[in-house]
Structures are given as C-alpha cells and as structure tokens.
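J.: Let me give you the structure first, and then I'll get to my questions.
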Amino acid sequence: MAKRSFLIPGVDRRLLIKDSIKAMPDLARRRFITGGASLGALTLLTGCDVIDSSSAEEMLKSVSKFNDAVQAFIFNPDALAPTFPESAITKPFPFNAYYDLDDAPEVSAADWKLEVRGLVDNKKSWTLDELYQLPQVTQITRHICVEGWSAIGSWTGTPLRDFLKLIGADTRAKYVWFQCADKDGYNSPLDMRSALHPQTQMTFKYAGDILPRAYGFPMKIRVPTKLGFKNPKYVVSMEVTNDYKGGYWEDQGYNSFSGS
Amino acid sequence: MASLTVTDEQVRATPAKVIQPAWVRVTHWINALAMILMILSGWQIYNASPLFGFSFPRDYTLGGWLGGGLLWHFAAMWLLMINGLAYLVTGLATGRFRKKLLPITPSGVIHDVRAALTFKLGHDDLTVYNYVQRTLYAGIIVVGVLIVLSGLAMWKPVQLYYLVMLFGDYPTARYVHFFCMAAICAFLVVHVALALLVPKSLRAMIIGR
C-alpha cells in the first residue's frame with residue numbers, strides 16, 4: 001500500500017542507504033567543509049573567499065570544543081534522562097546502523113567474551129553467563145539519534161558504574177573506550193562522568209527479552225543522556241583509559257561529547 | 001544670541017531624520033547572516049532524517065554532510081543568540097518595540113491588509129509602520145523566540161527537559177522548530193520582495209536615513 005518502506009518511522013529507506021554510502025570514509029567526505037564553503041550564498045555574503053576550507057574547519061572545531069566547555073560549566077552531568085511508561089514504547093523500535101540488518105554482526109553467545117583492559121584491577125574476561133548473574137535494572141527512556149529521529153525503548157541490564165566498581169576500575173581515568181564487533185570495527189569513547197551516570201547501563205535485554213541481533217546482541221551500552229551513536233552495540237571490549245582514542249563517528253566529525 | 005540660535009537650528013535641520021538607528025541596522029544585518037547560516041545548515045540536518053516526504057536540494061545546504069551541518073549550526077547559534085538577545089534587550093529598554101510595533105488592533109490589521117491587497121497601502125512615512133508591518137515584525141520576533149526555545153529543547157533534551165515539556169515532547173519540538181523555520185523563510189520572501197519594491201526602506205536599513 002505504502003509506496004515506500006520505512007525501516008524507521010519517518011525515515012526513507014533509500015535515503016538511509018544513501019546515507020550509509022555517504023558514511024563510508026572517503027577523502028571527499030572528510031573535507032566536508034569544502035562542499036559547504038563553495039556555496040554561492042556564503043561567498044556572496046562574505047564578499048570574498050575567506051571561507052577557506054581548512055581554516056573554516058578549524059574554526060568550527062574550536063567552536064565545538066568551546067561548546068563542550070560551556071556545557072560542562074552550565075549543565076549538571078548527573079541530570080537524569082526522563083523515563084516513560086510502557087505504553088509510550090515505540091513499536092517496532094527501529095534498527096539503525098551504517099549497514100543493513102543482514103550485515104549486522106552475528107555473535108555466538110558461547111564464544112563471546114567481554115574483554116576488560118586498561119586501568120582496572122581485574123582484567124579477567126567475562127562470559128555472557130557470568131554477566132547475566134549481575135543484578136539488573138530496567139529503564140524506559142528515549143533514544144535520540146544525531147539525525148534527529150527518536151524512539152522510546154525498554155532496556156534491561158547492569159548499571160555500568162556497578163560493573164566498573166566490581167572490576168576495580170580507576171574511576172579518575174578520563175574515558176571508558178568501547179570496541180564492537182561491527183564491520184569496519186565500530187568504537188566509541190565515553191567520558192568517565194557519563195560512564196558513572198546512574199542510568200548508564202550494560203544492556204542485555206530489550207523489552208524484557210534477550211537483546212536481539214538488531215539491537216546489539218549480546219551487549220549494548222545504553223547511555224540515555226547521550227545521542228544514539230554514543231550507545232555502542234555488539235560490544236566486545238572495554239578499556240579504562242586516560243587517552244582519547246577516538247571513535248567511528250567521532251573521527252568523522254560528530255562532537256565526541258554529544259550529551260543531551 | 002539670535003544668530004547663534006539660528007545656526008543651531010540649521011545644524012539640526014540639515015541631516016535627514018534617522019529612520020533606523022545604528023543598533024537596529026547592526027543587529028539586523030548580523031541577524032540576516034546568522035539566519036541564513038542557521039537555515040542552510042538546518043536544511044542539511046533536516047536531510048539526514050526528513051520529517052516530510054522531501055529533502056532540501058544539496059546545493060542549498062551548508063556543511064557537506066550531517067556532521068558538518070551540525071558544526072555550522074552549533075557555531076552560528078552563538079551569533080543568532082547573542083545578537084538576538086542584544087536586539088530584544090535594546091528594543092525593550094529603549095521603548096522602540098512599544099513605539100513602533102504597538103498598538104496592533106484587529107480593525108487596523110484588517111484595514112491595512114485590505115489596502116495592501118488592493119495596492120493602496122502607502123509607504124510615505126518610513127518612520128511609522130502600518131498594521132501589516134507591525135503584525136509581521138512583532139510576529140517574527142515571537143517566531144524567533146520559539147525557534148530558539150525549540151532548538152534548545154532538541155539540543156539538550158535531558159538538561160532542558162522542562163523546555164521539552166513546554167512543547168509536549170521531543171518529536172513535537174522538532175516539528176515546532178521546522179514550522180518556525182518555514183515561517184521565517186516565508187517572512188524572508190515577503191520582506192525581501194517589499195524591500196526591493198520600496199528601495200528607500202532598504203537604504204534606511206543600510207545608512208539609517
């Protein structure tokens with residue numbers, strides 16, 4: 001009946017795929033300002049070609065860093081994300097990635113282990129059964145994508161701060177860096193303050209059921225105070241570190257804090 | 001003494017009446033730049049997940065891709081916010097808003113809309129806004145406040161949860177933000193067309209007289 005099929009309410013499937021293709025890191029895309037700067041309107045307004053691509057890029061990046069500093073100064077990092085009743089859950093909750101669902105990682109529960117690295121006392125790897133023994137909580141929150149769409153879902157798992165305490169992580173370190181099983185090796189850093197936020201969760205279940213492949217089986221990091229791309233799926237390792245190791249989208253130009 | 005008085009009057013009489021004071025002209029043009037940057041980068045962001053069945057042409061977007069559009073949007077927002085606040089505070093403090101934009105009466109608006117549609121609405125005295133102008137200029141200030149508030153709600157929906165609540169929920173704030181942009185674009189078309197039809201109004205916004 002509908003002319004177009006929607007993977008995500010309001011998001012055109014073809015555009016999504018087109019976006020995914022755009023997401024492939026290539027030279028043209030990295031120099032993203034060039035496309036914008038050649039815009040006639042802007043040249044017209046400034047009256048000359050002052051918007052040289054690299055200097056504009058530098059300027060925008062420093063404003064972005066300035067924004068981070070302003071946010072850190074005026075906002076409370078422990079503010080809680082709003083929670084919702086079950087009736088508010090978005091059905092079906094969208095699958096979203098830079099690849100099709102068919103290309104999503106297929107992780108074998110028996111072989112999978114969560115590797116723990118960096119500034120922690122106990123670096124032992126964790127099997128899924130061991131992780132399932134940890135106390136779990138459920139929260140219904142809104143997932144907000146950097147693209148603008150959003151969806152409400154129900155996530156169940158262990159608060160990350162409890163796990164960090166359990167493994168003796170140095171919580172004075174700056175980041176927890178996650179690596180994932182996605183193709184092209186998805187990864188993302190999370191600032192320690194957000195990692196210790198009471199709602200930040202190692203998620204094992206969606207809507208009461210074992211996390212399906214579409215949503216990141218076997219483990220996702222759910223951070224309801226961050227944009228979706230800071231919520232890694234198919235997590236295979238976490239590293240507590242003082243080094244900024246970059247991330248899949250962060251390296252391409254999304255603001256690394258991206259807190260909401 | 002007498003000759004001195006005459007000289008003073010002559011000096012005062014020489015320059016034409018200032019229609020747009022310097023602060024109005026400066027904030028107007030900074031706002032024009034900020035608005036265009038916000039709209040073009042906003043279209044880039046819209047294209048990442050369109051609310052409706054259309055996208056904006058790539059040639060009319062800023063930033064090259066979503067990440068670049070966001071950087072532009074969150075940089076130009078400072079220009080828009082600081083300039084907008086300066087404009088609002090000065091406009092209220094100097095009484096210019098009250099003097100120029102008020103009163104707005106329904107009968108006045110109906111009369112002037114009818115006159116405008118029959119091409120009988122004059123622009124002889126640029127210092128006095130007719131009721132169509134008053135309505136549009138006051139209205140666009142309200143839209144400007146709404147677009148900033150809905151934008152802040154989308155930027156920090158956790159921190160500024162009360163702002164999200166003001167609009168109902170997060171997706172509604174997105175729609176409000178979009179329709180405010182559409183209203184500003186519609187205003188821009190009419191505003192620019194009229195400024196070109198009445199060039200002395202454009203001159204007044206540039207040199208003040």
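Residue numbering restarts at 1 for every chain of the structure tokens, chains are lettered A, B, ... in their displayed order, and ligands are numbered from 1 as they appear.
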Compile the contact shell of stretch 173-175 of chain A as a PyMOL selection string: residues with an atom at most 7 Å away, counting only C-alpha atoms, same-chain residues fewer than 3 positions apart removed.
T.: chain A and resi 170+189-192+240-242
J.: Let me see the file: selected residues, N, CA and C atoms, as a CSV table (one decimal), in the first residue's frame.
T.:
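Below is the file selection01.csv, written as the result:
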chain,number,residue,atom,x,y,z
A,170,ASP,N,39.8,2.3,37.7
A,170,ASP,CA,40.2,3.7,38.2
A,170,ASP,C,39.2,4.7,37.7
A,189,PRO,N,34.4,6.4,22.5
A,189,PRO,CA,34.8,6.7,23.8
A,189,PRO,C,33.7,7.3,24.6
A,190,LEU,N,33.6,7.0,25.9
A,190,LEU,CA,32.6,7.6,26.8
A,190,LEU,C,33.3,8.3,28.0
A,191,ASP,N,33.0,9.5,28.2
A,191,ASP,CA,33.7,10.2,29.3
A,191,ASP,C,33.3,9.6,30.6
A,192,MET,N,34.3,9.5,31.6
A,192,MET,CA,34.1,8.8,32.8
A,192,MET,C,32.8,9.3,33.6
A,240,VAL,N,39.5,1.1,30.2
A,240,VAL,CA,39.5,2.3,31.0
A,240,VAL,C,40.8,3.0,30.8
A,241,THR,N,40.8,4.2,30.3
A,241,THR,CA,42.0,4.9,29.8
A,241,THR,C,41.9,6.4,30.0
A,242,ASN,N,43.1,7.0,30.0
A,242,ASN,CA,43.2,8.5,30.1
A,242,ASN,C,43.4,9.1,28.7
J.: Within 6 Å of chain A, which residues of chain B come that close, and what is the closest atom pair and distance in Å for each? Count only C-alpha atoms and give it as CSV.
T.:
residue,atom,partner,partner_atom,distance
B:Ala48,CA,A:Glu147,CA,5.3
B:Ser49,CA,A:Val11,CA,5.6
B:Leu62,CA,A:Gly36,CA,4.4
B:Gly63,CA,A:Gly36,CA,4.4
B:Gly64,CA,A:Gly35,CA,4.8
B:Gly67,CA,A:Tyr254,CA,5.2
B:Leu71,CA,A:Leu60,CA,5.9
B:Ala75,CA,A:Val63,CA,5.9
B:Lys156,CA,A:Ser260,CA,4.2
B:Pro157,CA,A:Ser260,CA,5.5
B:Val158,CA,A:Ala81,CA,5.1
J.: From a DSSP calculation on the backbone, collect every residue of stretch 134-239 of chain A in strand (DSSP E) and output the set as number ranges by chain.
T.: A: 137-144, 150-159, 175-180, 187-191, 201-206, 209-210, 220-222, 235-239
J.: Please extract the residues of chain B with a backbone DSSP assignment of helix (DSSP H, G or I) and present them as a ChimeraX atom specification.
T.: /B:2-13,22-48,58-60,66-93,96-101,106-117,131-155,161-167,170-197,199-207
J.: Expressed in Å to a single decimal, how great is the separation between atom CA of A:Gly246 and atom CA of A:Ser188?
T.: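 Separating atom CA of A:Gly246 from atom CA of A:Ser188 is a distance of 6.6 Å.
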J.: Just want the 6 Å neighbourhood of stretch 202-209 of chain A, counted on only C-alpha atoms, with same-chain residues fewer than 3 positions away dropped. Output as a PyMOL selection string.
T.: chain A and resi 154-158+160+219-221
J.: Those selected residues, please, written with C-alpha atoms and delivered as an mmCIF file, in the first residue's frame.
T.:
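Final file, part19.cif:
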data_model
loop_
_atom_site.group_PDB
_atom_site.id
_atom_site.type_symbol
_atom_site.label_atom_id
_atom_site.label_comp_id
_atom_site.auth_asym_id
_atom_site.auth_seq_id
_atom_site.Cartn_x
_atom_site.Cartn_y
_atom_site.Cartn_z
ATOM 1 C CA SER A 154 12.867 -0.513 27.311
ATOM 2 C CA TRP A 155 16.380 -1.613 28.233
ATOM 3 C CA THR A 156 17.413 -4.017 30.978
ATOM 4 C CA GLY A 157 20.909 -4.568 32.276
ATOM 5 C CA THR A 158 23.571 -3.801 34.842
ATOM 6 C CA LEU A 160 27.916 0.340 34.184
ATOM 7 C CA MET A 219 25.659 -6.471 24.861
ATOM 8 C CA LYS A 220 24.939 -2.835 24.187
ATOM 9 C CA ILE A 221 25.948 0.182 26.222
#
J.: Counting only C-alpha atoms, what is within 10 Å of B:His111, bar same-chain residues fewer than 6 positions away, as a PDB file with N, CA and C atoms, in the first residue's frame?
T.:
ATOM      1  N   THR B 105      -4.174  46.577  16.403  1.00  0.00           N
ATOM      2  CA  THR B 105      -5.613  46.370  16.600  1.00  0.00           C
ATOM      3  C   THR B 105      -6.175  45.559  15.430  1.00  0.00           C
ATOM      4  N   LEU B 121      -1.720  50.493  -0.123  1.00  0.00           N
ATOM      5  CA  LEU B 121      -1.014  50.721   1.140  1.00  0.00           C
ATOM      6  C   LEU B 121       0.276  51.496   0.863  1.00  0.00           C
ATOM      7  N   ASN B 130       2.905  50.465   9.186  1.00  0.00           N
ATOM      8  CA  ASN B 130       1.476  50.187   9.072  1.00  0.00           C
ATOM      9  C   ASN B 130       1.156  48.899   9.825  1.00  0.00           C
ATOM     10  N   TYR B 131      -0.136  48.554   9.889  1.00  0.00           N
ATOM     11  CA  TYR B 131      -0.547  47.422  10.728  1.00  0.00           C
ATOM     12  C   TYR B 131      -0.068  46.077  10.181  1.00  0.00           C
ATOM     13  N   VAL B 132       0.085  45.976   8.868  1.00  0.00           N
ATOM     14  CA  VAL B 132       0.626  44.734   8.298  1.00  0.00           C
ATOM     15  C   VAL B 132       2.078  44.574   8.736  1.00  0.00           C
TER      16      VAL B 132
END
J.: Distance atom CA of A:Pro159-atom CA of A:Thr138, one decimal place?
T.: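 So the two atoms, atom CA of A:Pro159 and atom CA of A:Thr138, lie 9.8 Å apart.
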J.: Taking only C-alpha atoms into account, name the residue in B:Leu37, B:Gly151, B:Arg134, B:Asp125 that is nearest to B:Ala204.
T.: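 Nearest candidate to B:Ala204 out of B:Leu37, B:Gly151, B:Arg134, B:Asp125: B:Asp125.
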J.: Return the single residue from A:Thr141, A:Gln136, A:Thr127, A:Asn96 that is closest to A:Thr83, with distances computed using only C-alpha atoms.
T.: A:Thr141
J.: Extract, using only C-alpha atoms, all DNA, RNA and protein residues at most 10 Å from B:Phe187, discarding same-chain residues fewer than 3 positions from it, and format them as a ChimeraX atom specification.
T.: /B:136-137,139-140,181-184,190-193
